[in-house]
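A short write-up of the structure that comes next.
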Amino acid sequence: MIHPHLPGDVTDRIVMVEGSGCRLRDAHGREYLDATGGLLLAHVGHGRRDLAEVAAGQMTKLEYYSSFHEFTNEPSIRLAEKLIDLAPSPMERVYFTSGGGEAVDAALRMARLYHHRRGEPERTWILARNFGYHGVSYGGAAATGMPMFHQGFGPMLPNVRHLTPPMPFHPEMYGGEDPTEFCLRELRETIEEIGADRIAVMIGEPILGVAGVIEPPSDYWPRVRELLASHGILLILDEVITAFGRTGHWFAAERLGVAPDFVVTAKGLTSGYFPMGALLVADRVVDVVARDEGFIGGYTYGGHATGCAVALANLEIMERENLLAAAVDVGDHLGAQLRRLEELPIVGQVRQIGLMIGIELAQDPDTGEPLSAGWVPPLVRERSGIIVRNNPNTVLVSPPLVMSHDEADQVAAAVTDVLTEYATRKRKRPAAPAVVLPVLDTPW
Ligand code: PLP
């Protein structure tokens, strides 16, 4: 197997064989507490028989049928209706995929097609953001604002420009200007430079996820949306991480008060019980791209009957078990404990929104100079069997939404122990190396 993000010389892999709720067990019988929800997706917890039974029931009735041409299947119709009901702003149709990256690609293609069919074929530019993550399909990777996903894979999709996102903890990025004002000015200048009549769409995560759980100031997205709309530029919100309860809402767009043209979802849609994504599309786009000639291009497994049945059952579980409220309750409980880490001289900022938590490490919290976080997950796991993740300088915690207070306490204690011990030792010995945050075509 080629394991993503595993250096070739590492042979020690952890083979997970069993899971229940937030608990996991590996092939050696060692137990773990999953504080990442796999890759931020096991919302309803691992090992659920109710979802397995729904999958088995659908498979024995009709496992799959194509959604191409005039064909479809019953679970995909019901799931599309459900998603339109839950949507954060009026959405007209749903396009199903096998994951988040495919849904990002579909949104980018639809955005360009929208302008092409409206007689503006020059509108092909895509605005994205540094530090944004949109998957590793070529469209998604091109939109992703992290150089490691571009280097060696070129040429990327042309006509993509990366802008600065607001990251209030790093005022040095904005040369003394207010972050939102800086970003809006940069957006205005970029539109002027490229020409509004050449820009199709802007894509962004409402809350930066992989980059470290960074929520923008509350006026950022509404103002971006207004500016884009005044130039006829569409907006894609990539809610692959944030949709379906992670922030305590069905969609983060509700929290941020912004009505996009597209919402990209995956992960929590099925809690990982089936690989699926769903792109929600607003009516004015549907009118142009899906009517008359129709939309060309589909994924074989899009609208998979078993996947859609599982997604419906998964969303029902989230409603029945009040998991949106649970994300806020357990998230606040865990966040309150982790925020105390801000007193440590190696912690810059602890950010928590529902059950999305980022603990940003810093060489010196006053300057925000980044400190590598790569050593934290293996140490926490070895000592306590608790699984957390990291990006270059941030520890990421995103447990299943079914995590109990008691389990959250264990996570908080394990992370606190490791960071406190390191901070104490750092006072006596030289620190781990600083990391340079990787950026693409950043102007600062
Ligand atoms: N968009 C965002 C915001 C993501 O976090 C991810 C995956 O983590 C993706 C897109 C890509 O999704 P997938 O890995 O299902 O293709």
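Here's how to read the names in the structure tokens: chain A, B, ... by the order shown, residue numbers from 1 in each chain, ligand numbers from 1 in the order shown.
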Given a cut-off of 7 Å, what residues near ligand 1 show up using only C-alpha atoms and all ligand atoms, put as a PDB file with all heavy atoms, in the first residue's frame?
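Written out: selection-v3.pdb:
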ATOM      1  N   LEU A  39     -10.323  10.959  10.012  1.00  0.00           N
ATOM      2  CA  LEU A  39      -9.948  12.236   9.402  1.00  0.00           C
ATOM      3  C   LEU A  39     -11.130  13.196   9.538  1.00  0.00           C
ATOM      4  O   LEU A  39     -11.744  13.582   8.546  1.00  0.00           O
ATOM      5  CB  LEU A  39      -9.540  12.046   7.943  1.00  0.00           C
ATOM      6  CG  LEU A  39      -8.226  11.288   7.729  1.00  0.00           C
ATOM      7  CD1 LEU A  39      -7.946  11.063   6.241  1.00  0.00           C
ATOM      8  CD2 LEU A  39      -7.046  12.025   8.358  1.00  0.00           C
ATOM      9  N   GLY A  99     -16.549  11.693  -2.719  1.00  0.00           N
ATOM     10  CA  GLY A  99     -15.753  12.313  -1.660  1.00  0.00           C
ATOM     11  C   GLY A  99     -15.670  13.811  -1.856  1.00  0.00           C
ATOM     12  O   GLY A  99     -16.269  14.375  -2.788  1.00  0.00           O
ATOM     13  N   GLY A 100     -14.882  14.458  -0.984  1.00  0.00           N
ATOM     14  CA  GLY A 100     -14.813  15.914  -0.989  1.00  0.00           C
ATOM     15  C   GLY A 100     -14.106  16.489  -2.206  1.00  0.00           C
ATOM     16  O   GLY A 100     -14.570  17.450  -2.818  1.00  0.00           O
ATOM     17  N   GLY A 101     -12.960  15.888  -2.569  1.00  0.00           N
ATOM     18  CA  GLY A 101     -12.177  16.407  -3.695  1.00  0.00           C
ATOM     19  C   GLY A 101     -12.977  16.388  -4.992  1.00  0.00           C
ATOM     20  O   GLY A 101     -12.948  17.342  -5.779  1.00  0.00           O
ATOM     21  N   GLU A 102     -13.718  15.312  -5.210  1.00  0.00           N
ATOM     22  CA  GLU A 102     -14.551  15.225  -6.419  1.00  0.00           C
ATOM     23  C   GLU A 102     -15.627  16.308  -6.409  1.00  0.00           C
ATOM     24  O   GLU A 102     -15.974  16.864  -7.457  1.00  0.00           O
ATOM     25  CB  GLU A 102     -15.229  13.856  -6.500  1.00  0.00           C
ATOM     26  CG  GLU A 102     -14.311  12.724  -6.904  1.00  0.00           C
ATOM     27  CD  GLU A 102     -15.065  11.415  -7.117  1.00  0.00           C
ATOM     28  OE1 GLU A 102     -16.296  11.367  -6.869  1.00  0.00           O
ATOM     29  OE2 GLU A 102     -14.428  10.427  -7.520  1.00  0.00           O
ATOM     30  N   VAL A 104     -15.383  19.226  -4.932  1.00  0.00           N
ATOM     31  CA  VAL A 104     -14.706  20.504  -5.211  1.00  0.00           C
ATOM     32  C   VAL A 104     -14.529  20.650  -6.725  1.00  0.00           C
ATOM     33  O   VAL A 104     -14.851  21.690  -7.311  1.00  0.00           O
ATOM     34  CB  VAL A 104     -13.331  20.561  -4.495  1.00  0.00           C
ATOM     35  CG1 VAL A 104     -12.494  21.715  -5.034  1.00  0.00           C
ATOM     36  CG2 VAL A 104     -13.513  20.692  -2.987  1.00  0.00           C
ATOM     37  N   TYR A 133      -7.377  24.178   2.250  1.00  0.00           N
ATOM     38  CA  TYR A 133      -7.216  22.793   1.789  1.00  0.00           C
ATOM     39  C   TYR A 133      -8.496  22.350   1.093  1.00  0.00           C
ATOM     40  O   TYR A 133      -9.589  22.477   1.650  1.00  0.00           O
ATOM     41  CB  TYR A 133      -6.904  21.846   2.963  1.00  0.00           C
ATOM     42  CG  TYR A 133      -6.675  20.427   2.475  1.00  0.00           C
ATOM     43  CD1 TYR A 133      -5.518  20.093   1.778  1.00  0.00           C
ATOM     44  CD2 TYR A 133      -7.639  19.441   2.654  1.00  0.00           C
ATOM     45  CE1 TYR A 133      -5.320  18.809   1.283  1.00  0.00           C
ATOM     46  CE2 TYR A 133      -7.445  18.145   2.174  1.00  0.00           C
ATOM     47  CZ  TYR A 133      -6.284  17.843   1.490  1.00  0.00           C
ATOM     48  OH  TYR A 133      -6.093  16.572   0.994  1.00  0.00           O
ATOM     49  N   HIS A 134      -8.354  21.834  -0.139  1.00  0.00           N
ATOM     50  CA  HIS A 134      -9.523  21.425  -0.913  1.00  0.00           C
ATOM     51  C   HIS A 134      -9.346  20.057  -1.553  1.00  0.00           C
ATOM     52  O   HIS A 134      -9.983  19.762  -2.564  1.00  0.00           O
ATOM     53  CB  HIS A 134      -9.835  22.484  -1.977  1.00  0.00           C
ATOM     54  CG  HIS A 134     -10.083  23.845  -1.405  1.00  0.00           C
ATOM     55  ND1 HIS A 134     -11.213  24.156  -0.665  1.00  0.00           N
ATOM     56  CD2 HIS A 134      -9.320  24.975  -1.407  1.00  0.00           C
ATOM     57  CE1 HIS A 134     -11.140  25.424  -0.264  1.00  0.00           C
ATOM     58  NE2 HIS A 134     -10.015  25.937  -0.694  1.00  0.00           N
ATOM     59  N   GLY A 135      -8.474  19.214  -0.985  1.00  0.00           N
ATOM     60  CA  GLY A 135      -8.320  17.861  -1.500  1.00  0.00           C
ATOM     61  C   GLY A 135      -7.197  17.766  -2.513  1.00  0.00           C
ATOM     62  O   GLY A 135      -6.507  18.745  -2.819  1.00  0.00           O
ATOM     63  N   VAL A 136      -7.017  16.564  -3.067  1.00  0.00           N
ATOM     64  CA  VAL A 136      -5.863  16.326  -3.935  1.00  0.00           C
ATOM     65  C   VAL A 136      -6.242  15.928  -5.366  1.00  0.00           C
ATOM     66  O   VAL A 136      -5.398  15.459  -6.123  1.00  0.00           O
ATOM     67  CB  VAL A 136      -4.901  15.287  -3.311  1.00  0.00           C
ATOM     68  CG1 VAL A 136      -4.269  15.844  -2.049  1.00  0.00           C
ATOM     69  CG2 VAL A 136      -5.604  13.967  -3.017  1.00  0.00           C
ATOM     70  N   GLU A 205     -12.776  27.688   2.584  1.00  0.00           N
ATOM     71  CA  GLU A 205     -13.388  27.001   3.729  1.00  0.00           C
ATOM     72  C   GLU A 205     -13.954  28.092   4.641  1.00  0.00           C
ATOM     73  O   GLU A 205     -13.229  29.045   4.962  1.00  0.00           O
ATOM     74  CB  GLU A 205     -12.336  26.232   4.514  1.00  0.00           C
ATOM     75  CG  GLU A 205     -11.718  25.066   3.780  1.00  0.00           C
ATOM     76  CD  GLU A 205     -10.386  24.674   4.433  1.00  0.00           C
ATOM     77  OE1 GLU A 205     -10.419  23.888   5.389  1.00  0.00           O
ATOM     78  OE2 GLU A 205      -9.333  25.171   3.999  1.00  0.00           O
ATOM     79  N   GLY A 209      -9.776  24.599   8.211  1.00  0.00           N
ATOM     80  CA  GLY A 209      -9.729  23.397   9.041  1.00  0.00           C
ATOM     81  C   GLY A 209      -8.324  22.868   9.216  1.00  0.00           C
ATOM     82  O   GLY A 209      -7.695  23.043  10.269  1.00  0.00           O
ATOM     83  N   VAL A 210      -7.796  22.233   8.159  1.00  0.00           N
ATOM     84  CA  VAL A 210      -6.462  21.632   8.219  1.00  0.00           C
ATOM     85  C   VAL A 210      -5.424  22.694   8.609  1.00  0.00           C
ATOM     86  O   VAL A 210      -4.434  22.406   9.279  1.00  0.00           O
ATOM     87  CB  VAL A 210      -6.112  21.003   6.844  1.00  0.00           C
ATOM     88  CG1 VAL A 210      -4.710  20.447   6.845  1.00  0.00           C
ATOM     89  CG2 VAL A 210      -7.126  19.921   6.489  1.00  0.00           C
ATOM     90  N   ASP A 238     -16.409  25.528   0.932  1.00  0.00           N
ATOM     91  CA  ASP A 238     -15.999  24.142   1.098  1.00  0.00           C
ATOM     92  C   ASP A 238     -16.239  23.758   2.557  1.00  0.00           C
ATOM     93  O   ASP A 238     -15.462  24.097   3.448  1.00  0.00           O
ATOM     94  CB  ASP A 238     -14.521  23.999   0.722  1.00  0.00           C
ATOM     95  CG  ASP A 238     -14.051  22.552   0.814  1.00  0.00           C
ATOM     96  OD1 ASP A 238     -14.762  21.740   1.435  1.00  0.00           O
ATOM     97  OD2 ASP A 238     -12.969  22.238   0.288  1.00  0.00           O
ATOM     98  N   GLU A 239     -17.352  23.035   2.759  1.00  0.00           N
ATOM     99  CA  GLU A 239     -17.749  22.640   4.127  1.00  0.00           C
ATOM    100  C   GLU A 239     -17.483  21.158   4.358  1.00  0.00           C
ATOM    101  O   GLU A 239     -18.210  20.508   5.111  1.00  0.00           O
ATOM    102  CB  GLU A 239     -19.231  22.982   4.355  1.00  0.00           C
ATOM    103  CG  GLU A 239     -19.532  24.475   4.337  1.00  0.00           C
ATOM    104  CD  GLU A 239     -20.290  24.928   5.585  1.00  0.00           C
ATOM    105  OE1 GLU A 239     -20.155  24.274   6.646  1.00  0.00           O
ATOM    106  OE2 GLU A 239     -21.025  25.925   5.478  1.00  0.00           O
ATOM    107  N   VAL A 240     -16.453  20.629   3.713  1.00  0.00           N
ATOM    108  CA  VAL A 240     -16.164  19.197   3.868  1.00  0.00           C
ATOM    109  C   VAL A 240     -15.926  18.848   5.340  1.00  0.00           C
ATOM    110  O   VAL A 240     -16.382  17.821   5.824  1.00  0.00           O
ATOM    111  CB  VAL A 240     -14.977  18.784   2.969  1.00  0.00           C
ATOM    112  CG1 VAL A 240     -14.422  17.428   3.359  1.00  0.00           C
ATOM    113  CG2 VAL A 240     -15.420  18.758   1.512  1.00  0.00           C
ATOM    114  N   ILE A 241     -15.239  19.719   6.063  1.00  0.00           N
ATOM    115  CA  ILE A 241     -15.026  19.472   7.498  1.00  0.00           C
ATOM    116  C   ILE A 241     -16.172  20.038   8.327  1.00  0.00           C
ATOM    117  O   ILE A 241     -16.651  19.409   9.271  1.00  0.00           O
ATOM    118  CB  ILE A 241     -13.692  20.111   7.961  1.00  0.00           C
ATOM    119  CG1 ILE A 241     -12.510  19.317   7.403  1.00  0.00           C
ATOM    120  CG2 ILE A 241     -13.617  20.172   9.492  1.00  0.00           C
ATOM    121  CD1 ILE A 241     -11.145  19.896   7.768  1.00  0.00           C
ATOM    122  N   ALA A 266     -18.830  16.413   2.469  1.00  0.00           N
ATOM    123  CA  ALA A 266     -18.415  14.988   2.412  1.00  0.00           C
ATOM    124  C   ALA A 266     -18.338  14.514   3.873  1.00  0.00           C
ATOM    125  O   ALA A 266     -19.218  14.845   4.658  1.00  0.00           O
ATOM    126  CB  ALA A 266     -17.087  14.836   1.684  1.00  0.00           C
ATOM    127  N   LYS A 267     -17.297  13.832   4.232  1.00  0.00           N
ATOM    128  CA  LYS A 267     -16.991  13.396   5.604  1.00  0.00           C
ATOM    129  C   LYS A 267     -18.223  13.080   6.484  1.00  0.00           C
ATOM    130  O   LYS A 267     -18.718  11.971   6.482  1.00  0.00           O
ATOM    131  CB  LYS A 267     -16.098  14.434   6.286  1.00  0.00           C
ATOM    132  CG  LYS A 267     -14.721  14.557   5.610  1.00  0.00           C
ATOM    133  CD  LYS A 267     -13.740  15.309   6.466  1.00  0.00           C
ATOM    134  CE  LYS A 267     -12.443  15.654   5.763  1.00  0.00           C
ATOM    135  NZ  LYS A 267     -11.435  14.645   5.742  1.00  0.00           N
ATOM    136  N   GLY A 277     -19.544  12.264  -1.156  1.00  0.00           N
ATOM    137  CA  GLY A 277     -19.602  13.718  -1.057  1.00  0.00           C
ATOM    138  C   GLY A 277     -20.886  14.196  -1.700  1.00  0.00           C
ATOM    139  O   GLY A 277     -21.532  13.450  -2.462  1.00  0.00           O
TER     140      GLY A 277
END
- Item | For segment 218-235 of chain A: contacts at 7 Å, only C-alpha atoms, fewer than 3 positions along chain excluded, given as JSON, numbers by chain | {"A": [111, 180, 184, 196, 199, 200, 201, 202, 203, 256, 257, 258, 260, 261, 262]}
Emit the selected residues as a CSV table (one decimal), in the first residue's frame, including N, CA, C and O atoms.
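Output saved as selection.csv:
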chain,number,residue,atom,x,y,z
A,111,ALA,N,-18.9,26.1,-12.0
A,111,ALA,CA,-18.8,27.6,-12.0
A,111,ALA,C,-18.3,28.1,-13.4
A,111,ALA,O,-18.8,29.1,-13.9
A,180,THR,N,-9.1,41.8,8.2
A,180,THR,CA,-10.3,41.8,7.3
A,180,THR,C,-10.1,42.9,6.2
A,180,THR,O,-10.4,42.6,5.0
A,184,LEU,N,-9.9,42.2,2.3
A,184,LEU,CA,-10.9,42.8,1.3
A,184,LEU,C,-10.2,43.7,0.3
A,184,LEU,O,-10.5,43.7,-0.9
A,196,ALA,N,-12.7,41.6,-13.5
A,196,ALA,CA,-13.9,40.9,-13.0
A,196,ALA,C,-14.4,40.0,-14.1
A,196,ALA,O,-14.9,38.9,-13.9
A,199,ILE,N,-13.0,36.5,-14.1
A,199,ILE,CA,-13.0,35.6,-12.9
A,199,ILE,C,-14.4,34.9,-12.7
A,199,ILE,O,-15.4,35.5,-12.8
A,200,ALA,N,-14.3,33.6,-12.6
A,200,ALA,CA,-15.5,32.7,-12.5
A,200,ALA,C,-16.0,32.6,-11.0
A,200,ALA,O,-17.2,32.8,-10.8
A,201,VAL,N,-15.1,32.4,-10.1
A,201,VAL,CA,-15.5,31.9,-8.8
A,201,VAL,C,-14.4,32.1,-7.7
A,201,VAL,O,-13.3,32.2,-8.1
A,202,MET,N,-14.9,32.2,-6.5
A,202,MET,CA,-13.9,32.1,-5.4
A,202,MET,C,-14.3,30.9,-4.5
A,202,MET,O,-15.5,30.6,-4.3
A,203,ILE,N,-13.3,30.2,-4.1
A,203,ILE,CA,-13.5,29.0,-3.2
A,203,ILE,C,-12.8,29.2,-1.9
A,203,ILE,O,-11.7,29.8,-1.8
A,256,LEU,N,-21.9,31.8,10.1
A,256,LEU,CA,-21.2,33.0,9.5
A,256,LEU,C,-22.1,33.9,8.7
A,256,LEU,O,-21.6,34.9,8.2
A,257,GLY,N,-23.3,33.6,8.6
A,257,GLY,CA,-24.3,34.4,7.9
A,257,GLY,C,-23.9,34.7,6.5
A,257,GLY,O,-24.0,35.9,6.0
A,258,VAL,N,-23.6,33.7,5.7
A,258,VAL,CA,-23.3,33.9,4.3
A,258,VAL,C,-24.0,32.9,3.4
A,258,VAL,O,-24.2,31.7,3.8
A,260,PRO,N,-23.8,31.1,0.0
A,260,PRO,CA,-23.0,30.9,-1.2
A,260,PRO,C,-23.8,30.3,-2.4
A,260,PRO,O,-25.0,30.1,-2.2
A,261,ASP,N,-23.1,30.2,-3.5
A,261,ASP,CA,-23.7,29.6,-4.7
A,261,ASP,C,-23.6,28.0,-4.6
A,261,ASP,O,-24.4,27.3,-5.2
A,262,PHE,N,-22.5,27.6,-4.0
A,262,PHE,CA,-22.2,26.1,-3.9
A,262,PHE,C,-21.8,25.8,-2.5
A,262,PHE,O,-21.1,26.6,-1.9
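Closest approach to Val94 of chain A from the set A:Met146, A:Ala282, A:Ala211, A:Leu24 is made by A:Ala282, with distances taken over only C-alpha atoms.
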For segment 198-293 of chain A versus segment 318-322 of chain A, which residues have an atom no more than 12 Å away, and what is each residue's nearest atom pair and distance in Å rounded to one decimal, using only C-alpha atoms, chain-then-number order, as a Markdown table?
| residue | atom | partner | partner_atom | distance |
| --- | --- | --- | --- | --- |
| A:Phe244 | CA | A:Met318 | CA | 8.4 |
| A:Gly245 | CA | A:Met318 | CA | 8.1 |
| A:Arg246 | CA | A:Met318 | CA | 11.0 |
| A:Gly248 | CA | A:Asn322 | CA | 10.0 |
| A:His249 | CA | A:Asn322 | CA | 11.1 |
| A:Trp250 | CA | A:Met318 | CA | 9.9 |
| A:Gly268 | CA | A:Met318 | CA | 9.9 |
| A:Leu269 | CA | A:Met318 | CA | 10.2 |
| A:Thr270 | CA | A:Met318 | CA | 10.5 |
| A:Ser271 | CA | A:Met318 | CA | 10.0 |
- Task: Using backbone DSSP assignments, extract all strand (DSSP E) residues from segment 207-421 of chain A; output them as a PyMOL selection string.
- Result: chain A and resi 234-238+262-265+277-281+347-353+356-364+369-370+386-387+389-390+394-397
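Neighbours of segment 401-414 of chain A closer than or equal to 7 Å, with only C-alpha atoms counted and sequence neighbours fewer than 2 positions away skipped, come out as A:Gly21, A:Cys22, A:His43, A:Val44, A:Gly45, A:Leu323, A:Ala326, A:Ala327, A:Val330, A:Leu334, A:Gln337, A:Leu338, A:Val380, A:Ser384, A:Ile386, A:Pro399, A:Thr416, A:Asp417, A:Val418.
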- Task: Within segment 94-192 of chain A, find each residue whose DSSP state, derived from the backbone, is alpha helix (DSSP H), and express the selection as JSON, numbers by chain.
- Result: {"A": [100, 101, 102, 103, 104, 105, 106, 107, 108, 109, 110, 111, 112, 113, 114, 115, 116, 117, 138, 139, 140, 141, 142, 143, 179, 180, 181, 182, 183, 184, 185, 186, 187, 188, 189, 190, 191, 192]}
- For Arg389 of chain A, which residue among A:Leu40, A:Val350, A:Val15, A:Val310 is the nearest when counting only C-alpha atoms? A:Leu40
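Nearest residue to Ala103 of chain A among A:His28, A:Asp283, A:Met91, A:Val263 is A:Val263, counting only C-alpha atoms.
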